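Student: Here it is, the structure, as structure tokens.
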Amino acid sequence: MEYTAKSIADLLSGQVIGNPNEKVITISKIQEAKSGSLSFLANPAYENYLYSTSASVVLINKDSVPDKKVTPTLIVVDDAYKAFAILVDIYQKLRNIDRVGIEEIAFVSKSAILGNEVFIGSFSYVATNASIGDKVKIYPQVYIGENVQIGDNTIIYPGVKIYQDCIIGKNCIIHSGTVIGGDGFGFAPQKDGTFLKIHQIGNVIIEDDVEIGSNASIDRATLGATVIKKGVKLDNLIQIAHNVEIGENTVIAAQTGVAGSTKIGKNCLIGGQAGFVGHVKIANNTNVGAQAGVVKAVTKEKTTLLGSPAFELSKFHRSYSVFKNLPDFRNDIIELKNELEKLKQKL
Amino acid sequence: MEYTAKSIADLLSGQVIGNPNEKVITISKIQEAKSGSLSFLANPAYENYLYSTSASVVLINKDSVPDKKVTPTLIVVDDAYKAFAILVDIYQKLRNIDRVGIEEIAFVSKSAILGNEVFIGSFSYVATNASIGDKVKIYPQVYIGENVQIGDNTIIYPGVKIYQDCIIGKNCIIHSGTVIGGDGFGFAPQKDGTFLKIHQIGNVIIEDDVEIGSNASIDRATLGATVIKKGVKLDNLIQIAHNVEIGENTVIAAQTGVAGSTKIGKNCLIGGQAGFVGHVKIANNTNVGAQAGVVKAVTKEKTTLLGSPAFELSKFHRSYSVFKNLPDFRNDIIELKNELEKLKQKL
Amino acid sequence: MEYTAKSIADLLSGQVIGNPNEKVITISKIQEAKSGSLSFLANPAYENYLYSTSASVVLINKDSVPDKKVTPTLIVVDDAYKAFAILVDIYQKLRNIDRVGIEEIAFVSKSAILGNEVFIGSFSYVATNASIGDKVKIYPQVYIGENVQIGDNTIIYPGVKIYQDCIIGKNCIIHSGTVIGGDGFGFAPQKDGTFLKIHQIGNVIIEDDVEIGSNASIDRATLGATVIKKGVKLDNLIQIAHNVEIGENTVIAAQTGVAGSTKIGKNCLIGGQAGFVGHVKIANNTNVGAQAGVVKAVTKEKTTLLGSPAFELSKFHRSYSVFKNLPDFRNDIIELKNELEKLKQKL
């Protein structure tokens, strides 16, 4: 990727001050930019960086153009931040736009159905009866099991593994190393202390507009489906057990785990490293703090939880502030006992 | 997979009521079943679903056959739940039964020894001197390092990585993304603040009948072996450090971590996101709650632990119930002080 | 690998007592050694194992040679532990020394630049403009994205995924399943409850001498870089969010997570399953205990933290020791109240 200041200015209907042939090959923050970088100045607090930056080209607001001459070439626009966001969006789209076709050393079953403009990278495996929507990008080393369905425009990054029968919606993004549809963790204890595997014959259904980070594990249902609803965003290294349901537009931070059959509502915000016990229902708009352990149902919407086991956040903070001073309170109790004893003896 | 009600009834020695040619293509819960599903009715509490279900075929107990006509075709058996379990078992076996042979684009070293009826999927790599038992199924994109041994009937799902010299038993199941035999985390601190790698030249030994979930990490020993004993079940995203030993039939839930050289006994039940300090011994039949942090040895069998650091579960619950009311107790202490002061002045 | 006692003695300038043609094929602890093993005796406390071991060859200090005859062949050296360490080092190097060249079924872009003596395993993918240093070992099933740079002598184990534009230093080791450069977790909330993806166009920079365990996730920056400085050691299943910086020679144990934009200083020691809130700065030489939750900046060096939320370790321990006895203190308070009441009535 190599662009001139002029070509970018034309794209953004901006004006060039400086060398219109100045070339950029990457995008950086103004305070970190090196030669060849395109940066932007939107926040006046960063204005002094304009005089020290090594950026080759800087997007700048009309009313921020400096009187003095500066080293970088400037592109003057109405809203530098918005202009930058537009460029970033184009940049991202360009990354994937040329990814069409099946690379030479991929395996695609003859019974698989492929949409238009699909990309399938080398060393990826698409099993029998899989169905891949239009413009889906499957990077190298991905496994798509039997009967898997993937909706239009979804991006599957290198090394994702999707077991048989799972269904992925449209406009989803799944990052490397994530496993969808591994067996739920179900075993029946036997009299001799061993465990008998309970076959997990359900699947995973991921609805539209879901993004899942890297190295997450989403298990298939015992029977029925583990369901990730429309618009959910899951971070890296998350554990979703069998028969769990995550409601629309809920966001879960990294390393959180949800045990079997728990249903989390819509629009919840869940911090990192939190845990949910199995078989409970969590109301819509619940907020759960990092490292919290949710051990029972949440029935009231907009509840905010912290602690392990978790309870109402402001109450947790009050208890925890006393916890920090517990040695003092213990000493107070000892002293109170002594004083009371003295009083009793006086009477 | 497509079966008729009659073919299933014959298999189960059951009787068809309805259309013997009714076809099923999948298996579902009666309350979620769609057309084409086979379901079962074993629990009388679910009887009303018989009248509303869209299942095509329902397995039913002799004594539960309804008087009224129902939409689905029924198969009458002695024990509907057991009959269903038999079908699920067959269904699972059929999934793997046709997986025999080496797919075209796999790499198998000439020095590797393969048993009978082995399956090796595309893009899998079997290194020099690896030994693969009878009926082992190695899905695509698996890495089997030098000298690795895998016992009969073991299933290795897509993308598992097994480093050199590790030994896997018979009848094991290892899910996608799991890494077995990565280097233990051992470094010798140097005077200049840097760390020198301590080579990890041991291996991992996984005994028979072990199941390991997806994206787990089981490190090789520094010297000797990290050992997962017979019948152990490990969930997803679990960390097992170097030289750890997990006793027979112990079950560990997702995202738990066990630090180096700790030995966990037999028949333990460990919750999710728990942690174990290194170099301790945990007695047989220990139960550890979710998110607990076990920081010392457990010498007494049947101990139950919770909290971080963990102590006896019922004691933890008692302390935690006071913790929730700590602000009240702090106020009590303040009030006691005041009242005592008043009393002292009175005297 | 098969060596004779004599060939090893020659290498170490040691003397053989016993059969110079005794063969060894592996390396083991003296207490666990089987026939064919090379072991060492450095600690006098283990001397009695010399009489019971099945090791074929044992390295021994000059001053520890036994008077009696023993079964294993001995190699007498000045420092048995040091001699053993030298052998382990050679053993490790031999493992990789023959790994040179590109295996047949790998994909390497024509525009990729490869150094001397590079190894690239089967089913690995090296994308356009990637640059691979001298003696780099890329095991099978690795993904190296566009423009990725990898420094000399770095080892990338099977199945690692490195997204476009990331930079890896010299002498690094990255274990299987680790994902470098996945998108940071950034979404802008919209009025209708949905979230808009914020493109993550920065990269990850990993400096020299870094080791990263298996199944870790290190996200690319939104803009700029996520930076892992020289000499850092990261264990398995670690989460490093976008724009995080980890200082030189900091060591982090398994399953810890660091939220976005947090900067951890140099020479820190971080326990397992710890968590760090985003956007804070952690001073050099900070120690953080396992399962701690660091929720604010650490400004003073050599601080030691524990608890969730974390505070000074010794204070945490004092509070926690009271926590364990909280039911007793509650009873004390109740009793104090009663006694005080009695006193008041007396007056």
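Labels for the structure tokens follow display order: chains A, B, ..., residues from 1 in each chain, ligands from 1.
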Compute the chain B side of the contact with chain A at 8 Å, counting only C-alpha atoms, and hand it back as an mmCIF file with N, CA, C and O atoms, in the first residue's frame.

Tutor:
data_model
loop_
_atom_site.group_PDB
_atom_site.id
_atom_site.type_symbol
_atom_site.label_atom_id
_atom_site.label_comp_id
_atom_site.auth_asym_id
_atom_site.auth_seq_id
_atom_site.Cartn_x
_atom_site.Cartn_y
_atom_site.Cartn_z
ATOM 1 N N ILE B 27 -31.813 -35.434 15.715
ATOM 2 C CA ILE B 27 -32.262 -35.819 17.041
ATOM 3 C C ILE B 27 -32.466 -34.543 17.853
ATOM 4 O O ILE B 27 -31.599 -33.673 17.829
ATOM 5 N N SER B 28 -33.595 -34.390 18.537
ATOM 6 C CA SER B 28 -33.865 -33.149 19.277
ATOM 7 C C SER B 28 -34.643 -33.424 20.550
ATOM 8 O O SER B 28 -35.250 -34.473 20.706
ATOM 9 N N LYS B 29 -34.632 -32.436 21.471
ATOM 10 C CA LYS B 29 -35.528 -32.460 22.617
ATOM 11 C C LYS B 29 -36.958 -32.282 22.111
ATOM 12 O O LYS B 29 -37.198 -31.523 21.170
ATOM 13 N N GLU B 32 -38.208 -28.740 21.578
ATOM 14 C CA GLU B 32 -37.514 -27.911 20.575
ATOM 15 C C GLU B 32 -37.550 -28.530 19.190
ATOM 16 O O GLU B 32 -37.034 -27.937 18.235
ATOM 17 N N VAL B 88 -28.451 -42.514 20.307
ATOM 18 C CA VAL B 88 -27.424 -41.472 20.330
ATOM 19 C C VAL B 88 -26.038 -42.095 20.205
ATOM 20 O O VAL B 88 -25.170 -41.598 19.471
ATOM 21 N N ASP B 89 -25.862 -43.203 20.911
ATOM 22 C CA ASP B 89 -24.592 -43.899 20.857
ATOM 23 C C ASP B 89 -24.284 -44.384 19.442
ATOM 24 O O ASP B 89 -23.168 -44.211 18.941
ATOM 25 N N GLN B 92 -23.397 -41.404 17.234
ATOM 26 C CA GLN B 92 -22.023 -40.946 17.436
ATOM 27 C C GLN B 92 -21.018 -41.874 16.762
ATOM 28 O O GLN B 92 -20.046 -41.432 16.176
ATOM 29 N N SER B 122 -6.538 -34.588 6.254
ATOM 30 C CA SER B 122 -5.685 -33.695 5.477
ATOM 31 C C SER B 122 -4.969 -32.696 6.367
ATOM 32 O O SER B 122 -5.512 -32.254 7.373
ATOM 33 N N PHE B 123 -3.770 -32.311 5.947
ATOM 34 C CA PHE B 123 -2.978 -31.260 6.594
ATOM 35 C C PHE B 123 -2.534 -31.652 8.000
ATOM 36 O O PHE B 123 -2.065 -30.814 8.759
ATOM 37 N N PRO B 140 -8.190 -33.488 10.639
ATOM 38 C CA PRO B 140 -7.263 -32.614 9.905
ATOM 39 C C PRO B 140 -6.482 -31.652 10.805
ATOM 40 O O PRO B 140 -6.923 -31.313 11.904
ATOM 41 N N GLN B 141 -5.321 -31.230 10.294
ATOM 42 C CA GLN B 141 -4.538 -30.121 10.868
ATOM 43 C C GLN B 141 -3.967 -30.423 12.258
ATOM 44 O O GLN B 141 -3.679 -29.516 13.026
ATOM 45 N N PRO B 158 -9.584 -31.753 15.222
ATOM 46 C CA PRO B 158 -8.770 -30.886 14.358
ATOM 47 C C PRO B 158 -7.880 -29.905 15.122
ATOM 48 O O PRO B 158 -8.335 -29.260 16.071
ATOM 49 N N GLY B 159 -6.658 -29.799 14.690
ATOM 50 C CA GLY B 159 -5.775 -28.750 15.187
ATOM 51 C C GLY B 159 -5.079 -29.027 16.504
ATOM 52 O O GLY B 159 -4.392 -28.157 17.016
ATOM 53 N N HIS B 175 -9.772 -32.586 22.324
ATOM 54 C CA HIS B 175 -10.490 -31.633 21.471
ATOM 55 C C HIS B 175 -9.574 -30.573 20.864
ATOM 56 O O HIS B 175 -8.458 -30.339 21.324
ATOM 57 N N SER B 176 -10.130 -29.911 19.875
ATOM 58 C CA SER B 176 -9.393 -28.962 19.029
ATOM 59 C C SER B 176 -8.632 -27.906 19.825
ATOM 60 O O SER B 176 -9.121 -27.402 20.836
ATOM 61 N N GLY B 177 -7.490 -27.547 19.327
ATOM 62 C CA GLY B 177 -6.731 -26.433 19.880
ATOM 63 C C GLY B 177 -5.911 -26.777 21.106
ATOM 64 O O GLY B 177 -5.108 -25.967 21.555
ATOM 65 N N GLY B 213 -10.748 -31.185 26.948
ATOM 66 C CA GLY B 213 -11.517 -30.228 26.152
ATOM 67 C C GLY B 213 -10.659 -29.442 25.178
ATOM 68 O O GLY B 213 -9.494 -29.770 24.941
ATOM 69 N N SER B 214 -11.217 -28.364 24.659
ATOM 70 C CA SER B 214 -10.522 -27.578 23.634
ATOM 71 C C SER B 214 -9.628 -26.511 24.255
ATOM 72 O O SER B 214 -9.863 -26.048 25.367
ATOM 73 N N ASN B 215 -8.595 -26.135 23.533
ATOM 74 C CA ASN B 215 -7.688 -25.036 23.908
ATOM 75 C C ASN B 215 -7.085 -25.189 25.305
ATOM 76 O O ASN B 215 -6.799 -24.195 25.977
ATOM 77 N N GLY B 231 -8.760 -42.175 33.208
ATOM 78 C CA GLY B 231 -10.132 -41.760 33.512
ATOM 79 C C GLY B 231 -10.324 -40.291 33.858
ATOM 80 O O GLY B 231 -11.438 -39.872 34.149
ATOM 81 N N ASP B 235 -11.734 -30.137 31.265
ATOM 82 C CA ASP B 235 -12.572 -29.265 30.446
ATOM 83 C C ASP B 235 -11.700 -28.335 29.588
ATOM 84 O O ASP B 235 -10.475 -28.485 29.535
ATOM 85 N N ASN B 236 -12.302 -27.349 28.972
ATOM 86 C CA ASN B 236 -11.614 -26.426 28.066
ATOM 87 C C ASN B 236 -10.680 -25.455 28.803
ATOM 88 O O ASN B 236 -10.909 -25.125 29.960
ATOM 89 N N LEU B 237 -9.676 -24.975 28.096
ATOM 90 C CA LEU B 237 -8.849 -23.823 28.521
ATOM 91 C C LEU B 237 -8.160 -24.043 29.862
ATOM 92 O O LEU B 237 -7.929 -23.099 30.615
ATOM 93 N N ASN B 249 -9.549 -40.593 37.575
ATOM 94 C CA ASN B 249 -10.965 -40.214 37.638
ATOM 95 C C ASN B 249 -11.220 -38.853 38.269
ATOM 96 O O ASN B 249 -12.333 -38.570 38.700
ATOM 97 N N ALA B 254 -13.613 -26.001 33.489
ATOM 98 C CA ALA B 254 -12.905 -25.110 32.562
ATOM 99 C C ALA B 254 -12.097 -24.014 33.244
ATOM 100 O O ALA B 254 -12.457 -23.515 34.293
ATOM 101 N N GLN B 255 -11.000 -23.639 32.594
ATOM 102 C CA GLN B 255 -10.185 -22.459 32.937
ATOM 103 C C GLN B 255 -9.452 -22.580 34.274
ATOM 104 O O GLN B 255 -8.935 -21.597 34.779
ATOM 105 N N ASN B 267 -10.172 -39.077 42.118
ATOM 106 C CA ASN B 267 -11.588 -38.844 42.390
ATOM 107 C C ASN B 267 -11.872 -37.461 42.961
ATOM 108 O O ASN B 267 -12.820 -37.274 43.712
ATOM 109 N N GLY B 272 -14.565 -24.642 38.080
ATOM 110 C CA GLY B 272 -13.957 -23.823 37.035
ATOM 111 C C GLY B 272 -13.156 -22.661 37.601
ATOM 112 O O GLY B 272 -13.402 -22.193 38.712
ATOM 113 N N GLN B 273 -12.165 -22.204 36.856
ATOM 114 C CA GLN B 273 -11.353 -21.018 37.210
ATOM 115 C C GLN B 273 -10.671 -21.151 38.571
ATOM 116 O O GLN B 273 -10.289 -20.148 39.166
ATOM 117 N N GLN B 291 -13.316 -20.834 41.197
ATOM 118 C CA GLN B 291 -12.515 -19.627 41.505
ATOM 119 C C GLN B 291 -11.715 -19.738 42.807
ATOM 120 O O GLN B 291 -11.116 -18.757 43.238
ATOM 121 N N GLY B 307 -12.764 -20.206 48.286
ATOM 122 C CA GLY B 307 -12.123 -18.932 48.608
ATOM 123 C C GLY B 307 -10.712 -18.829 48.065
ATOM 124 O O GLY B 307 -10.118 -19.815 47.640
ATOM 125 N N PHE B 323 -18.987 -11.132 55.940
ATOM 126 C CA PHE B 323 -18.350 -10.138 55.063
ATOM 127 C C PHE B 323 -19.394 -9.242 54.397
ATOM 128 O O PHE B 323 -19.230 -8.020 54.319
ATOM 129 N N LYS B 324 -20.490 -9.865 53.968
ATOM 130 C CA LYS B 324 -21.536 -9.090 53.291
ATOM 131 C C LYS B 324 -22.152 -8.024 54.195
ATOM 132 O O LYS B 324 -22.693 -7.040 53.711
ATOM 133 N N ASN B 325 -22.082 -8.265 55.517
ATOM 134 C CA ASN B 325 -22.672 -7.316 56.466
ATOM 135 C C ASN B 325 -21.624 -6.525 57.227
ATOM 136 O O ASN B 325 -21.926 -5.912 58.245
ATOM 137 N N LEU B 326 -20.409 -6.532 56.720
ATOM 138 C CA LEU B 326 -19.337 -5.856 57.460
ATOM 139 C C LEU B 326 -19.630 -4.392 57.770
ATOM 140 O O LEU B 326 -19.337 -3.931 58.879
ATOM 141 N N PRO B 327 -20.220 -3.618 56.860
ATOM 142 C CA PRO B 327 -20.476 -2.210 57.205
ATOM 143 C C PRO B 327 -21.363 -2.085 58.452
ATOM 144 O O PRO B 327 -21.124 -1.218 59.297
ATOM 145 N N ARG B 330 -19.186 -2.824 61.465
ATOM 146 C CA ARG B 330 -18.325 -1.675 61.748
ATOM 147 C C ARG B 330 -19.119 -0.608 62.496
ATOM 148 O O ARG B 330 -18.648 -0.053 63.495
ATOM 149 N N ILE B 333 -19.549 -1.533 66.058
ATOM 150 C CA ILE B 333 -18.333 -1.304 66.853
ATOM 151 C C ILE B 333 -18.232 0.166 67.238
ATOM 152 O O ILE B 333 -17.947 0.515 68.390
ATOM 153 N N LEU B 336 -20.779 0.856 69.888
ATOM 154 C CA LEU B 336 -20.342 0.263 71.160
ATOM 155 C C LEU B 336 -19.309 1.153 71.847
ATOM 156 O O LEU B 336 -19.376 1.390 73.059
ATOM 157 N N LYS B 337 -18.371 1.643 71.040
ATOM 158 C CA LYS B 337 -17.351 2.544 71.596
ATOM 159 C C LYS B 337 -17.998 3.773 72.227
ATOM 160 O O LYS B 337 -17.646 4.177 73.343
ATOM 161 N N LEU B 340 -19.924 2.892 75.385
ATOM 162 C CA LEU B 340 -18.993 2.572 76.465
ATOM 163 C C LEU B 340 -18.412 3.858 77.054
ATOM 164 O O LEU B 340 -18.267 4.009 78.281
ATOM 165 N N LYS B 344 -18.632 5.161 80.823
ATOM 166 C CA LYS B 344 -17.441 5.486 81.613
ATOM 167 C C LYS B 344 -17.579 6.875 82.249
ATOM 168 O O LYS B 344 -17.173 7.096 83.398
#

Student: Tell me, which residues of stretch 28-125 of chain A carry DSSP strand (DSSP E or B), written as a PyMOL selection string?

Tutor: chain A and resi 37-41+57-61+73-77+101-102+107-108+113-114+119-120+125

Student: If you count only C-alpha atoms, which residues fall within 12 Å of C:Pro66, apart from same-chain ones fewer than 3 positions away, as a list in words?

Tutor: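 Skipping anything fewer than 3 positions along the chain leaves Ile17, Leu41, Pro44, Glu47, Asn48, Tyr49, Leu50, Tyr51, Ile60, Asn61, Lys62, Asp63, Lys69, Val70, Thr71, Pro72, Leu74 and Val76 of chain C.
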
Student: Which residues in stretch 24-119 of chain B does DSSP call alpha helix (DSSP H)? List them as a list in words.

Tutor: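 Answer for stretch 24-119 of chain B restricted to alpha helix (DSSP H) is Tyr49, Leu50, Tyr51, Ser52, Ala80, Tyr81, Lys82, Ala83, Phe84, Ala85, Ile86, Leu87, Val88, Asp89, Ile90, Tyr91, Gln92, Lys93, Leu94, Arg95, Asn96 and Ile97 of chain B.
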
Student: Using only C-alpha atoms, please write the residues we just selected to a file, as a PDB file, in the first residue's frame.

Tutor:
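out-v3.pdb written:
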ATOM      1  CA  TYR B  49     -45.385 -31.533  24.532  1.00  0.00           C
ATOM      2  CA  LEU B  50     -46.587 -34.657  22.733  1.00  0.00           C
ATOM      3  CA  TYR B  51     -49.545 -32.624  21.506  1.00  0.00           C
ATOM      4  CA  SER B  52     -47.595 -29.553  20.437  1.00  0.00           C
ATOM      5  CA  ALA B  80     -37.866 -44.579  25.944  1.00  0.00           C
ATOM      6  CA  TYR B  81     -34.900 -42.880  27.618  1.00  0.00           C
ATOM      7  CA  LYS B  82     -32.695 -45.944  27.327  1.00  0.00           C
ATOM      8  CA  ALA B  83     -33.776 -46.490  23.719  1.00  0.00           C
ATOM      9  CA  PHE B  84     -32.894 -42.885  22.961  1.00  0.00           C
ATOM     10  CA  ALA B  85     -29.467 -43.264  24.597  1.00  0.00           C
ATOM     11  CA  ILE B  86     -28.815 -46.340  22.437  1.00  0.00           C
ATOM     12  CA  LEU B  87     -29.674 -44.350  19.304  1.00  0.00           C
ATOM     13  CA  VAL B  88     -27.424 -41.472  20.330  1.00  0.00           C
ATOM     14  CA  ASP B  89     -24.592 -43.899  20.857  1.00  0.00           C
ATOM     15  CA  ILE B  90     -25.101 -45.425  17.421  1.00  0.00           C
ATOM     16  CA  TYR B  91     -25.359 -41.945  15.916  1.00  0.00           C
ATOM     17  CA  GLN B  92     -22.023 -40.946  17.436  1.00  0.00           C
ATOM     18  CA  LYS B  93     -20.347 -44.122  16.272  1.00  0.00           C
ATOM     19  CA  LEU B  94     -21.658 -43.655  12.732  1.00  0.00           C
ATOM     20  CA  ARG B  95     -20.051 -40.189  12.710  1.00  0.00           C
ATOM     21  CA  ASN B  96     -16.627 -41.763  13.011  1.00  0.00           C
ATOM     22  CA  ILE B  97     -17.056 -45.230  11.526  1.00  0.00           C
TER      23      ILE B  97
END

Student: If you count only C-alpha atoms, which residues fall within 7 Å of B:Tyr139, apart from same-chain ones fewer than 4 positions away, as a compact mmCIF listing (two decimals) with N, CA, C and O atoms, in the first residue's frame?

Tutor:
# COMPACT_ATOMS: atom_id res chain seq x y z
N ILE B 120 -6.32 -40.55 9.16
CA ILE B 120 -5.49 -39.35 9.30
C ILE B 120 -5.99 -38.33 8.30
O ILE B 120 -5.97 -38.56 7.08
N GLY B 121 -6.49 -37.19 8.80
CA GLY B 121 -7.09 -36.18 7.94
C GLY B 121 -6.06 -35.32 7.23
O GLY B 121 -4.88 -35.29 7.59
N ILE B 156 -8.44 -37.70 18.05
CA ILE B 156 -7.73 -36.42 18.15
C ILE B 156 -8.43 -35.45 17.20
O ILE B 156 -8.36 -35.62 15.98
N TYR B 157 -9.09 -34.44 17.73
CA TYR B 157 -9.88 -33.52 16.90
C TYR B 157 -8.99 -32.50 16.17
O TYR B 157 -7.81 -32.37 16.47
N PRO B 158 -9.58 -31.75 15.22
CA PRO B 158 -8.77 -30.89 14.36
C PRO B 158 -7.88 -29.90 15.12
O PRO B 158 -8.34 -29.26 16.07

Student: Identify, on the basis of only C-alpha atoms, every residue whose closest approach to A:Leu269 does not exceed 9 Å; exclude the query and any residue fewer than 2 positions from it along the same chain; express the result as a list in words.

Tutor: Thr250, Val251, Ile252, Ala253, Asn267, Gly271, Asn285, Thr286, Asn287, Val288 and Gly289 of chain A
